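Source file: work19.cif (mmCIF, C-alpha atoms (C1' of nucleotides))
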```cif
data_coords
loop_
_atom_site.label_atom_id
_atom_site.label_comp_id
_atom_site.auth_asym_id
_atom_site.auth_seq_id
_atom_site.Cartn_x
_atom_site.Cartn_y
_atom_site.Cartn_z
CA MET A 1 -31.87 -4.30 -3.64
CA SER A 2 -34.53 -6.56 -2.25
CA GLY A 3 -33.75 -9.73 -4.28
CA GLU A 4 -30.90 -12.00 -3.24
CA ARG A 5 -27.36 -11.57 -4.50
CA THR A 6 -26.34 -14.22 -6.97
CA GLY A 7 -23.19 -15.12 -8.86
CA ARG A 8 -24.55 -12.97 -11.68
CA HIS A 9 -24.49 -9.94 -9.39
CA GLU A 10 -20.89 -10.70 -8.53
CA TYR A 11 -20.11 -11.03 -12.20
CA ALA A 12 -21.52 -7.55 -12.81
CA ASP A 13 -19.44 -6.16 -9.96
CA GLU A 14 -16.28 -7.67 -11.38
CA ILE A 15 -16.84 -6.09 -14.76
CA GLY A 16 -17.32 -2.85 -12.84
CA LEU A 17 -13.93 -3.28 -11.21
CA TYR A 18 -12.42 -4.11 -14.57
CA PHE A 19 -13.76 -0.82 -15.91
CA GLU A 20 -12.34 1.03 -12.93
CA GLY A 21 -8.94 -0.47 -13.62
CA TYR A 22 -8.97 1.37 -16.92
CA GLY A 23 -10.02 4.66 -15.37
CA LEU A 24 -13.67 4.31 -16.38
CA PRO A 25 -16.54 4.83 -13.94
CA ARG A 26 -17.59 1.70 -12.16
CA ILE A 27 -21.35 1.89 -12.58
CA PRO A 28 -21.46 1.70 -16.38
CA GLY A 29 -19.17 -1.31 -16.07
CA ARG A 30 -21.47 -3.00 -13.57
CA ILE A 31 -24.42 -2.36 -15.85
CA LEU A 32 -22.57 -3.76 -18.86
CA GLY A 33 -21.64 -6.83 -16.83
CA TRP A 34 -25.20 -7.29 -15.62
CA LEU A 35 -26.57 -6.99 -19.16
CA LEU A 36 -24.23 -9.83 -20.16
CA VAL A 37 -25.75 -12.27 -17.68
CA CYS A 38 -29.18 -11.04 -16.59
CA GLU A 39 -32.42 -12.75 -17.47
CA PRO A 40 -34.10 -11.70 -19.53
CA PRO A 41 -31.24 -10.05 -21.48
CA HIS A 42 -33.14 -6.78 -21.52
CA GLN A 43 -33.85 -4.69 -18.44
CA THR A 44 -35.62 -1.49 -17.46
CA ALA A 45 -33.81 1.36 -15.71
CA GLU A 46 -35.75 0.48 -12.60
CA GLU A 47 -34.65 -3.14 -12.68
CA LEU A 48 -31.03 -2.09 -13.11
CA ALA A 49 -31.25 0.33 -10.18
CA GLU A 50 -32.84 -2.36 -8.05
CA GLU A 51 -30.54 -5.25 -8.94
CA LEU A 52 -27.33 -3.26 -8.71
CA ASP A 53 -28.48 -1.16 -5.76
CA ILE A 54 -27.74 2.19 -7.35
CA SER A 55 -29.78 5.36 -7.75
CA ARG A 56 -32.07 6.00 -10.74
CA GLY A 57 -29.92 9.02 -11.51
CA SER A 58 -26.84 6.87 -11.82
CA VAL A 59 -28.62 4.49 -14.16
CA SER A 60 -29.69 7.40 -16.30
CA MET A 61 -26.17 8.78 -16.51
CA ALA A 62 -24.65 5.39 -17.20
CA MET A 63 -27.15 4.64 -19.97
CA LYS A 64 -26.27 7.94 -21.59
CA MET A 65 -22.60 7.00 -21.56
CA LEU A 66 -23.16 3.42 -22.69
CA SER A 67 -25.42 4.46 -25.53
CA ALA A 68 -23.00 7.21 -26.60
CA ASN A 69 -20.46 4.38 -26.93
CA LYS A 70 -22.99 2.24 -28.78
CA ALA A 71 -22.68 -0.48 -26.16
CA VAL A 72 -26.42 -0.62 -25.46
CA VAL A 73 -29.64 0.08 -27.33
CA ARG A 74 -33.24 0.61 -26.36
CA HIS A 75 -35.27 -2.54 -26.73
CA ALA A 76 -38.99 -2.69 -27.39
CA VAL A 77 -40.86 -5.20 -25.25
CA PRO A 78 -44.41 -6.03 -26.42
CA GLY A 79 -46.90 -5.06 -23.79
CA SER A 80 -44.62 -2.61 -22.07
CA ARG A 81 -43.98 0.99 -22.92
CA ARG A 82 -41.11 1.38 -20.52
CA THR A 83 -37.62 1.77 -21.84
CA HIS A 84 -35.82 -1.53 -21.84
CA TRP A 85 -32.11 -1.75 -22.49
CA ARG A 86 -29.98 -4.50 -23.94
CA LEU A 87 -26.48 -4.93 -25.25
CA ARG A 88 -26.05 -3.96 -28.86
CA PRO A 89 -25.05 -7.05 -30.86
CA GLY A 90 -21.70 -6.53 -32.52
CA PHE A 91 -20.59 -3.88 -30.07
CA TRP A 92 -17.36 -5.63 -29.11
CA LEU A 93 -16.01 -5.39 -32.61
CA ASP A 94 -16.25 -1.60 -32.50
CA GLU A 95 -13.18 -1.39 -30.36
CA ALA A 96 -11.06 -2.12 -33.42
CA ALA A 97 -12.61 0.83 -35.24
CA GLU A 98 -12.06 2.94 -32.13
CA LYS A 99 -8.39 1.96 -32.07
CA ALA A 100 -8.11 2.93 -35.73
CA ARG A 101 -9.56 6.31 -34.86
CA GLN A 102 -7.09 6.78 -32.03
CA ALA A 103 -4.19 5.81 -34.26
CA ARG A 104 -5.30 8.48 -36.73
CA GLU A 105 -5.28 11.02 -33.90
CA TRP A 106 -1.68 10.08 -33.17
CA ILE A 107 -0.79 10.42 -36.82
CA LYS A 108 -1.96 14.02 -36.62
CA GLN A 109 -0.13 14.63 -33.34
CA THR A 110 3.13 13.29 -34.70
CA GLU A 111 2.74 15.35 -37.85
CA ARG A 112 2.28 18.44 -35.74
CA GLY A 113 5.42 17.51 -33.83
CA LEU A 114 7.35 17.18 -37.07
CA GLU A 115 6.25 20.64 -38.14
CA LEU A 116 7.49 21.95 -34.82
CA LEU A 117 10.83 20.28 -35.46
CA ALA A 118 11.05 21.30 -39.10
CA ASP A 119 14.51 22.78 -38.64
CA ALA A 120 15.80 20.28 -36.11
CA PRO A 121 18.55 17.77 -36.93
CA PRO A 122 17.42 14.42 -38.41
CA GLU A 123 18.54 12.78 -35.20
CA SER A 124 15.90 14.77 -33.31
CA ARG A 125 13.20 14.21 -35.86
CA ARG A 126 13.65 10.47 -35.93
CA ARG A 127 11.55 9.61 -32.85
CA LEU A 128 8.55 11.43 -34.35
CA GLU A 129 9.06 9.92 -37.77
CA GLU A 130 9.17 6.50 -36.20
CA ALA A 131 6.00 7.07 -34.19
CA ASN A 132 4.31 8.45 -37.29
CA GLU A 133 5.22 5.40 -39.37
CA MET A 134 4.04 3.03 -36.71
CA TYR A 135 0.70 4.71 -36.26
CA THR A 136 0.19 4.85 -40.01
CA PHE A 137 0.73 1.11 -40.03
CA LEU A 138 -1.47 0.57 -36.98
CA ALA A 139 -4.33 2.69 -38.33
CA GLU A 140 -4.27 0.60 -41.49
CA GLN A 141 -4.24 -2.69 -39.60
CA TYR A 142 -6.94 -1.76 -37.08
CA GLY A 143 -9.03 -0.50 -39.97
CA ARG A 144 -8.83 -3.86 -41.72
CA ILE A 145 -10.13 -5.85 -38.79
CA GLU A 146 -13.82 -5.04 -39.06
CA THR A 147 -13.89 -5.68 -42.81
CA LEU A 148 -12.11 -8.97 -42.32
CA TRP A 149 -14.67 -10.08 -39.74
CA HIS A 150 -17.54 -9.46 -42.10
CA GLU A 151 -15.76 -11.22 -44.95
CA GLN A 152 -15.11 -14.28 -42.82
CA ARG A 153 -18.73 -14.25 -41.71
CA LYS A 154 -20.08 -14.34 -45.23
CA GLN A 155 -18.53 -17.70 -46.00
CA MET B 1 10.50 27.02 -15.04
CA SER B 2 13.04 29.70 -15.79
CA GLY B 3 13.39 29.20 -19.57
CA GLU B 4 10.79 30.60 -21.91
CA ARG B 5 7.72 28.69 -23.00
CA THR B 6 7.90 27.51 -26.57
CA GLY B 7 5.60 25.68 -28.95
CA ARG B 8 7.30 22.50 -27.78
CA HIS B 9 6.09 23.16 -24.24
CA GLU B 10 2.57 23.61 -25.56
CA TYR B 11 2.91 20.39 -27.49
CA ALA B 12 3.82 18.56 -24.28
CA ASP B 13 0.81 20.09 -22.52
CA GLU B 14 -1.52 18.96 -25.26
CA ILE B 15 -0.31 15.39 -25.03
CA GLY B 16 -0.95 15.72 -21.30
CA LEU B 17 -4.52 16.74 -21.99
CA TYR B 18 -4.88 13.87 -24.44
CA PHE B 19 -3.81 11.49 -21.68
CA GLU B 20 -6.29 13.04 -19.31
CA GLY B 21 -9.06 12.50 -21.83
CA TYR B 22 -8.43 8.77 -21.48
CA GLY B 23 -8.43 8.87 -17.69
CA LEU B 24 -4.65 8.78 -17.39
CA PRO B 25 -2.71 11.20 -15.20
CA ARG B 26 -1.67 14.35 -16.97
CA ILE B 27 1.96 14.55 -15.93
CA PRO B 28 3.15 11.31 -17.54
CA GLY B 29 1.42 12.52 -20.69
CA ARG B 30 3.18 15.87 -20.58
CA ILE B 31 6.51 14.12 -20.11
CA LEU B 32 5.84 11.76 -23.01
CA GLY B 33 4.92 14.73 -25.18
CA TRP B 34 8.03 16.64 -24.14
CA LEU B 35 10.24 13.64 -24.87
CA LEU B 36 8.80 13.60 -28.39
CA VAL B 37 9.98 17.14 -29.16
CA CYS B 38 12.70 18.16 -26.72
CA GLU B 39 16.30 18.71 -27.66
CA PRO B 40 18.27 16.73 -27.09
CA PRO B 41 15.83 13.80 -27.18
CA HIS B 42 17.08 12.64 -23.79
CA GLN B 43 16.53 14.55 -20.55
CA THR B 44 17.38 14.31 -16.89
CA ALA B 45 14.69 14.25 -14.19
CA GLU B 46 15.81 17.74 -13.23
CA GLU B 47 15.42 19.07 -16.75
CA LEU B 48 11.94 17.58 -16.98
CA ALA B 49 10.92 19.12 -13.66
CA GLU B 50 12.30 22.47 -14.78
CA GLU B 51 10.86 22.55 -18.29
CA LEU B 52 7.42 21.31 -17.32
CA ASP B 53 7.32 23.17 -14.02
CA ILE B 54 6.50 20.16 -11.90
CA SER B 55 8.01 18.76 -8.72
CA ARG B 56 10.87 16.25 -8.67
CA GLY B 57 8.55 13.87 -6.89
CA SER B 58 6.09 14.00 -9.75
CA VAL B 59 8.83 13.31 -12.25
CA SER B 60 9.94 10.34 -10.23
CA MET B 61 6.43 8.92 -10.06
CA ALA B 62 5.77 9.55 -13.74
CA MET B 63 9.02 7.87 -14.77
CA LYS B 64 8.06 4.84 -12.73
CA MET B 65 4.76 4.63 -14.57
CA LEU B 66 6.21 5.31 -18.00
CA SER B 67 8.96 2.75 -17.57
CA ALA B 68 6.50 0.18 -16.24
CA ASN B 69 4.68 0.68 -19.54
CA LYS B 70 7.95 0.46 -21.45
CA ALA B 71 7.40 3.92 -22.91
CA VAL B 72 10.77 5.26 -21.73
CA VAL B 73 14.22 3.87 -20.96
CA ARG B 74 17.24 5.15 -19.16
CA HIS B 75 19.81 6.58 -21.50
CA ALA B 76 23.55 6.74 -20.85
CA VAL B 77 25.13 10.06 -21.74
CA PRO B 78 28.95 10.06 -21.97
CA GLY B 79 30.43 12.42 -19.42
CA SER B 80 27.35 12.43 -17.21
CA ARG B 81 26.38 9.99 -14.53
CA ARG B 82 22.93 11.37 -14.03
CA THR B 83 19.94 9.41 -15.15
CA HIS B 84 18.80 10.52 -18.55
CA TRP B 85 15.51 9.38 -20.02
CA ARG B 86 14.38 8.94 -23.58
CA LEU B 87 11.49 7.35 -25.43
CA ARG B 88 11.93 3.68 -26.10
CA PRO B 89 12.06 3.12 -29.87
CA GLY B 90 9.28 0.82 -30.98
CA PHE B 91 7.09 1.60 -27.99
CA TRP B 92 4.09 2.64 -30.04
CA LEU B 93 3.74 -0.78 -31.58
CA ASP B 94 3.28 -2.32 -28.14
CA GLU B 95 -0.26 -1.08 -27.99
CA ALA B 96 -1.29 -3.81 -30.41
CA ALA B 97 0.16 -6.45 -28.09
CA GLU B 98 -1.60 -4.76 -25.19
CA LYS B 99 -4.90 -4.91 -27.03
CA ALA B 100 -4.32 -8.60 -27.70
CA ARG B 101 -3.80 -9.11 -23.97
CA GLN B 102 -7.00 -7.24 -23.15
CA ALA B 103 -8.94 -9.29 -25.68
CA ARG B 104 -7.68 -12.45 -23.99
CA GLU B 105 -8.93 -11.08 -20.65
CA TRP B 106 -12.37 -10.66 -22.20
CA ILE B 107 -12.26 -14.18 -23.57
CA LYS B 108 -11.85 -15.39 -20.00
CA GLN B 109 -14.59 -13.10 -18.70
CA THR B 110 -17.06 -14.26 -21.31
CA GLU B 111 -16.19 -17.88 -20.62
CA ARG B 112 -16.89 -17.32 -16.95
CA GLY B 113 -20.21 -15.77 -17.90
CA LEU B 114 -21.09 -18.80 -19.99
CA GLU B 115 -20.38 -21.09 -17.04
CA LEU B 116 -22.71 -18.96 -14.95
CA LEU B 117 -25.39 -19.35 -17.61
CA ALA B 118 -24.77 -23.06 -18.17
CA ASP B 119 -28.43 -23.92 -17.67
CA ALA B 120 -29.90 -20.80 -19.25
CA PRO B 121 -31.82 -20.88 -22.54
CA PRO B 122 -29.76 -20.50 -25.75
CA GLU B 123 -31.41 -17.13 -26.26
CA SER B 124 -29.79 -15.90 -23.03
CA ARG B 125 -26.43 -17.45 -23.75
CA ARG B 126 -26.17 -15.93 -27.19
CA ARG B 127 -24.89 -12.46 -26.17
CA LEU B 128 -21.97 -14.06 -24.32
CA GLU B 129 -21.23 -16.49 -27.11
CA GLU B 130 -21.17 -13.62 -29.54
CA ALA B 131 -18.81 -11.56 -27.38
CA ASN B 132 -16.61 -14.60 -26.90
CA GLU B 133 -16.36 -15.25 -30.63
CA MET B 134 -15.56 -11.63 -31.35
CA TYR B 135 -12.82 -11.42 -28.77
CA THR B 136 -11.34 -14.67 -29.98
CA PHE B 137 -11.17 -13.13 -33.42
CA LEU B 138 -9.84 -9.81 -32.09
CA ALA B 139 -7.13 -11.45 -29.97
CA GLU B 140 -5.95 -13.31 -33.06
CA GLN B 141 -5.94 -10.18 -35.21
CA TYR B 142 -4.24 -7.91 -32.67
CA GLY B 143 -1.70 -10.66 -32.12
CA ARG B 144 -0.80 -10.74 -35.80
CA ILE B 145 -0.04 -7.05 -36.05
CA GLU B 146 3.38 -7.01 -34.43
CA THR B 147 4.60 -9.99 -36.43
CA LEU B 148 3.35 -8.40 -39.61
CA TRP B 149 5.24 -5.18 -38.87
CA HIS B 150 8.52 -7.03 -38.46
CA GLU B 151 7.91 -9.04 -41.62
CA GLN B 152 7.24 -5.90 -43.64
CA ARG B 153 10.35 -4.32 -42.18
CA LYS B 154 12.66 -7.14 -43.29
CA GLN B 155 11.99 -6.54 -46.96
"C1'" DC C 1 -56.28 16.13 -20.86
"C1'" DA C 2 -55.28 15.36 -16.11
"C1'" DA C 3 -53.22 12.13 -12.95
"C1'" DA C 4 -49.76 8.77 -12.51
"C1'" DA C 5 -45.52 6.85 -13.72
"C1'" DA C 6 -41.03 7.04 -15.62
"C1'" DT C 7 -36.97 9.46 -16.69
"C1'" DT C 8 -33.58 13.04 -16.60
"C1'" DT C 9 -31.11 16.85 -14.67
"C1'" DC C 10 -28.08 18.90 -11.64
"C1'" DA C 11 -26.43 20.84 -7.18
"C1'" DA C 12 -24.53 18.84 -3.20
"C1'" DT C 13 -21.93 15.29 -1.28
"C1'" DT C 14 -18.78 11.62 -1.10
"C1'" DA C 15 -15.00 9.21 -2.78
"C1'" DT C 16 -10.93 8.91 -5.41
"C1'" DT C 17 -6.79 10.22 -7.49
"C1'" DA C 18 -2.96 13.39 -8.70
"C1'" DT C 19 0.50 16.29 -7.09
"C1'" DT C 20 3.48 18.46 -4.05
"C1'" DG C 21 7.42 19.02 -1.13
"C1'" DA C 22 10.04 17.85 2.77
"C1'" DA C 23 12.41 13.99 4.71
"C1'" DA C 24 14.78 9.73 3.84
"C1'" DT C 25 17.64 7.13 0.91
"C1'" DA C 26 20.86 6.26 -2.56
"C1'" DT C 27 24.50 7.57 -5.57
"C1'" DT C 28 28.42 10.11 -7.21
"C1'" DT C 29 32.75 12.41 -6.82
"C1'" DG C 30 36.97 14.55 -4.96
"C1'" DC D 1 34.86 7.67 2.94
"C1'" DA D 2 32.74 12.05 3.62
"C1'" DA D 3 30.52 15.78 1.39
"C1'" DA D 4 27.75 16.92 -2.32
"C1'" DT D 5 24.37 15.71 -5.49
"C1'" DA D 6 20.58 13.13 -7.24
"C1'" DT D 7 16.57 10.34 -6.55
"C1'" DT D 8 12.69 8.25 -4.26
"C1'" DT D 9 9.19 7.87 -0.84
"C1'" DC D 10 5.13 9.13 1.30
"C1'" DA D 11 1.99 11.91 4.23
"C1'" DA D 12 -0.59 15.97 3.40
"C1'" DT D 13 -3.05 18.72 0.29
"C1'" DA D 14 -5.30 20.00 -3.82
"C1'" DA D 15 -7.86 18.79 -7.70
"C1'" DT D 16 -11.03 15.88 -10.00
"C1'" DA D 17 -14.61 12.72 -10.71
"C1'" DA D 18 -18.45 9.62 -9.29
"C1'" DT D 19 -22.73 9.19 -7.13
"C1'" DT D 20 -26.80 10.43 -4.94
"C1'" DG D 21 -31.43 12.10 -4.48
"C1'" DA D 22 -34.76 15.61 -4.76
"C1'" DA D 23 -36.82 18.61 -8.11
"C1'" DA D 24 -38.03 19.29 -12.86
"C1'" DT D 25 -39.37 17.35 -17.00
"C1'" DT D 26 -41.22 14.09 -20.05
"C1'" DT D 27 -44.04 10.28 -21.16
"C1'" DT D 28 -47.80 7.16 -20.51
"C1'" DT D 29 -52.43 5.82 -19.52
"C1'" DG D 30 -57.32 5.89 -18.15
#
```
Just give me the structure as structure tokens.
Amino acid sequence: MSGERTGRHEYADEIGLYFEGYGLPRIPGRILGWLLVCEPPHQTAEELAEELDISRGSVSMAMKMLSANKAVVRHAVPGSRRTHWRLRPGFWLDEAAEKARQAREWIKQTERGLELLADAPPESRRRLEEANEMYTFLAEQYGRIETLWHEQRKQ
Amino acid sequence: MSGERTGRHEYADEIGLYFEGYGLPRIPGRILGWLLVCEPPHQTAEELAEELDISRGSVSMAMKMLSANKAVVRHAVPGSRRTHWRLRPGFWLDEAAEKARQAREWIKQTERGLELLADAPPESRRRLEEANEMYTFLAEQYGRIETLWHEQRKQ
DNA sequence: CAAAAATTTCAATTATTATTGAAATATTTG
DNA sequence: CAAATATTTCAATAATAATTGAAATTTTTG
């Protein structure tokens, strides 16, 4: 890190800490934060390593994770054949789809639980039935969100 | 763990692994899973320690975490003065409110970013504006979900 | 196509977090 | 209120995960 540390570097660090608070590794968070405020909005792996003072290896690993999550995409820069990275527009909305997916996982889990308790008294089955109903509702609602966004956009 | 291991114990373990997959500690997950399928649906700390083969200390810590998250509540059992624990009905719906809260955190973060980029070209500000708009929309939508559930219930 | 540059992999290290279990504290009961 | 029982705390340990950096691989460029 030869360049000076600016408020934008601090911003990146804070997003890193935010990530950590949710049990996610800090470096991908710092990179995400940096890509929100850096100029230009696209950066090479080398620039990221330099600005955030982390190893090339860490950048590589973090980019793998962030692109698996569709948070970043490669970005072609005329006149350069290096890999540049930038945030993928629309990424933030994906979290609703991800929540829908998680809710569907819970629907399956609660169904499995109900099979396990097939012969149990209704009193015992109720907690699983309740969870199952709620996740069915939640999956439906989370699923609607993305569609709704696009509909609102069209107008 | 003196009693035999049943499918319900396996179920608890799987919920534990599910927790771990999201970076959460395994033991609270195993307890949550057990409380979904155990009989009766309420258990003492001792029973939990016994059935899941974990220390009393771990149970204590896990209960602190699970009650901080409102996943479990103390449950009075006539004829016993021990602390019994059970799942809190309605807990699962809370995740929508939690997502709304997280979206509001991101609204603040993106606003801070926009202050940082006050003098930057529109091109540079766009990614933050986009994220800000999306989280504003998401916060609104996640916020609606709980209300909607209660409305549907009334009918 | 060979040299240079960029990128990825992965074993070793460092750092972090979960879990235990014994001691301390709090609660219950005769 | 004292003994018995239950619960919590917390330092030590065990387990896990993040990060580095050097070597291997891939890609670019003259």
**Prompt:** Smallest atom-to-atom distance to chain D: which of B:Ala12, B:Ala45, B:Cys38, B:Ile27, using all atoms listed in the file?
**Reply:**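 For chain D, the nearest of the candidates is B:Ala45.
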Starting from the displayed file, determine the output of the PyMOL selection byres ((chain A and resi 97) around 9) and express the residue list as a JSON list (two decimals) with C-alpha atoms, in the frame of the given file.
```
[["chain", "number", "residue", "atom", "x", "y", "z"],
["A", 93, "LEU", "CA", -16.01, -5.39, -32.61],
["A", 94, "ASP", "CA", -16.25, -1.60, -32.50],
["A", 95, "GLU", "CA", -13.18, -1.39, -30.36],
["A", 96, "ALA", "CA", -11.06, -2.12, -33.42],
["A", 98, "GLU", "CA", -12.06, 2.94, -32.13],
["A", 99, "LYS", "CA", -8.39, 1.96, -32.07],
["A", 100, "ALA", "CA", -8.11, 2.93, -35.73],
["A", 101, "ARG", "CA", -9.56, 6.31, -34.86],
["A", 102, "GLN", "CA", -7.09, 6.78, -32.03],
["A", 142, "TYR", "CA", -6.94, -1.76, -37.08],
["A", 143, "GLY", "CA", -9.03, -0.50, -39.97],
["A", 144, "ARG", "CA", -8.83, -3.86, -41.72],
["A", 145, "ILE", "CA", -10.13, -5.85, -38.79],
["A", 146, "GLU", "CA", -13.82, -5.04, -39.06]]
```
Find the residues near Arg86 (chain A): any atom within 12 Å, counting only C-alpha atoms (C1' of nucleotides), skip ones fewer than 5 places away on the same chain, and give them as an mmCIF file with C-alpha atoms, in the frame of the given file.
```
data_model
loop_
_atom_site.group_PDB
_atom_site.id
_atom_site.type_symbol
_atom_site.label_atom_id
_atom_site.label_comp_id
_atom_site.auth_asym_id
_atom_site.auth_seq_id
_atom_site.Cartn_x
_atom_site.Cartn_y
_atom_site.Cartn_z
ATOM 1 C CA ILE A 31 -24.420 -2.360 -15.850
ATOM 2 C CA LEU A 32 -22.570 -3.760 -18.860
ATOM 3 C CA GLY A 33 -21.640 -6.830 -16.830
ATOM 4 C CA TRP A 34 -25.200 -7.290 -15.620
ATOM 5 C CA LEU A 35 -26.570 -6.990 -19.160
ATOM 6 C CA LEU A 36 -24.230 -9.830 -20.160
ATOM 7 C CA VAL A 37 -25.750 -12.270 -17.680
ATOM 8 C CA CYS A 38 -29.180 -11.040 -16.590
ATOM 9 C CA GLU A 39 -32.420 -12.750 -17.470
ATOM 10 C CA PRO A 40 -34.100 -11.700 -19.530
ATOM 11 C CA PRO A 41 -31.240 -10.050 -21.480
ATOM 12 C CA HIS A 42 -33.140 -6.780 -21.520
ATOM 13 C CA GLN A 43 -33.850 -4.690 -18.440
ATOM 14 C CA THR A 44 -35.620 -1.490 -17.460
ATOM 15 C CA ALA A 45 -33.810 1.360 -15.710
ATOM 16 C CA LEU A 48 -31.030 -2.090 -13.110
ATOM 17 C CA MET A 63 -27.150 4.640 -19.970
ATOM 18 C CA LEU A 66 -23.160 3.420 -22.690
ATOM 19 C CA SER A 67 -25.420 4.460 -25.530
ATOM 20 C CA LYS A 70 -22.990 2.240 -28.780
ATOM 21 C CA ALA A 71 -22.680 -0.480 -26.160
ATOM 22 C CA VAL A 72 -26.420 -0.620 -25.460
ATOM 23 C CA VAL A 73 -29.640 0.080 -27.330
ATOM 24 C CA ARG A 74 -33.240 0.610 -26.360
ATOM 25 C CA HIS A 75 -35.270 -2.540 -26.730
ATOM 26 C CA ALA A 76 -38.990 -2.690 -27.390
ATOM 27 C CA VAL A 77 -40.860 -5.200 -25.250
ATOM 28 C CA PHE A 91 -20.590 -3.880 -30.070
ATOM 29 C CA SER B 124 -29.790 -15.900 -23.030
ATOM 30 C CA ARG B 127 -24.890 -12.460 -26.170
#
```
Would you write out, as JSON lines, a table of all residues in chain A that have an atom no more than 7 Å from an atom of chain D, listing for each the closest atom pair and the distance in Å to one decimal, considering only C-alpha atoms (C1' of nucleotides) and ordering rows by chain and rising residue number?
```
{"residue": "A:Pro25", "atom": "CA", "partner": "D:DA18", "partner_atom": "C1'", "distance": 6.9}
{"residue": "A:Ser55", "atom": "CA", "partner": "D:DT20", "partner_atom": "C1'", "distance": 6.5}
{"residue": "A:Ser58", "atom": "CA", "partner": "D:DT19", "partner_atom": "C1'", "distance": 6.7}
```
**Message:** Starting from the PyMOL selection byres ((chain A) within 10 of (chain C)), expand the selection into actual residues of this file and give them as a ChimeraX atom specification.
**Reply:** /A:45-46,56-57,60-61,81-83
Store the residues of this selection in a file with C-alpha atoms, as an mmCIF file, in the coordinates of the input.
```cif
data_model
loop_
_atom_site.group_PDB
_atom_site.id
_atom_site.type_symbol
_atom_site.label_atom_id
_atom_site.label_comp_id
_atom_site.auth_asym_id
_atom_site.auth_seq_id
_atom_site.Cartn_x
_atom_site.Cartn_y
_atom_site.Cartn_z
ATOM 1 C CA ALA A 45 -33.810 1.360 -15.710
ATOM 2 C CA GLU A 46 -35.750 0.480 -12.600
ATOM 3 C CA ARG A 56 -32.070 6.000 -10.740
ATOM 4 C CA GLY A 57 -29.920 9.020 -11.510
ATOM 5 C CA SER A 60 -29.690 7.400 -16.300
ATOM 6 C CA MET A 61 -26.170 8.780 -16.510
ATOM 7 C CA ARG A 81 -43.980 0.990 -22.920
ATOM 8 C CA ARG A 82 -41.110 1.380 -20.520
ATOM 9 C CA THR A 83 -37.620 1.770 -21.840
#
```
**Request:** Mind giving me the straight-line distance from CA of Ala131 (chain B) to CA of Trp92 (chain A) in Å, one decimal?
**Result:** 6.3 Å
**Prompt:** Can you list, as number ranges by chain, every protein, DNA or RNA residue that comes within 7 Å of region 16-18 of chain A when you count only C-alpha atoms (C1' of nucleotides), leaving out same-chain residues fewer than 6 positions away?
**Reply:** A: 26-27, 29-30
Let me know the centre plus edge lengths, in Å and rounded to one decimal, of a box with edges along x, y and z that contains all listed atoms of region 17-22 of chain A and is padded by 8 Å on every side, as AutoDock Vina command-line options.
```
--center_x -11.4 --center_y -1.4 --center_z -14.1 --size_x 21.0 --size_y 21.5 --size_z 21.7
```
**Prompt:** Taking into account only C-alpha atoms, which residue in the set A:Glu115, A:Gly23, A:Lys64, A:Glu4 is nearest to chain B?
**Reply:** A:Gly23
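In this comparison, which uses all atoms listed in the file, the residue of A:Arg5, A:Glu123, A:Asp53, A:Glu151 approaching chain B most closely is A:Glu123.
In this structure, CA of Gly113 (chain B) sits 26.6 Å away from CA of Leu148 (chain A).
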**Message:** If we count only C-alpha atoms (C1' of nucleotides) and set the cut-off at 9 Å, which residues sit around Leu114 (chain B), ignoring sequence neighbours fewer than 2 positions away in its own chain? Please answer as a PyMOL selection string.
**Reply:** (chain A and resi 37) or (chain B and resi 109-112+116-118+125+128-129)
**Prompt:** Please, what distance in Å, to one decimal, runs between CA of Leu52 (chain A) and CA of Ala68 (chain A)?
**Reply:**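 So the two atoms, CA of Leu52 (chain A) and CA of Ala68 (chain A), lie 21.2 Å apart.
Of the listed residues (B:Gly21, B:Pro122, B:Pro89, B:Pro78), B:Pro89 comes nearest to chain A; the distances count all atoms listed in the file.
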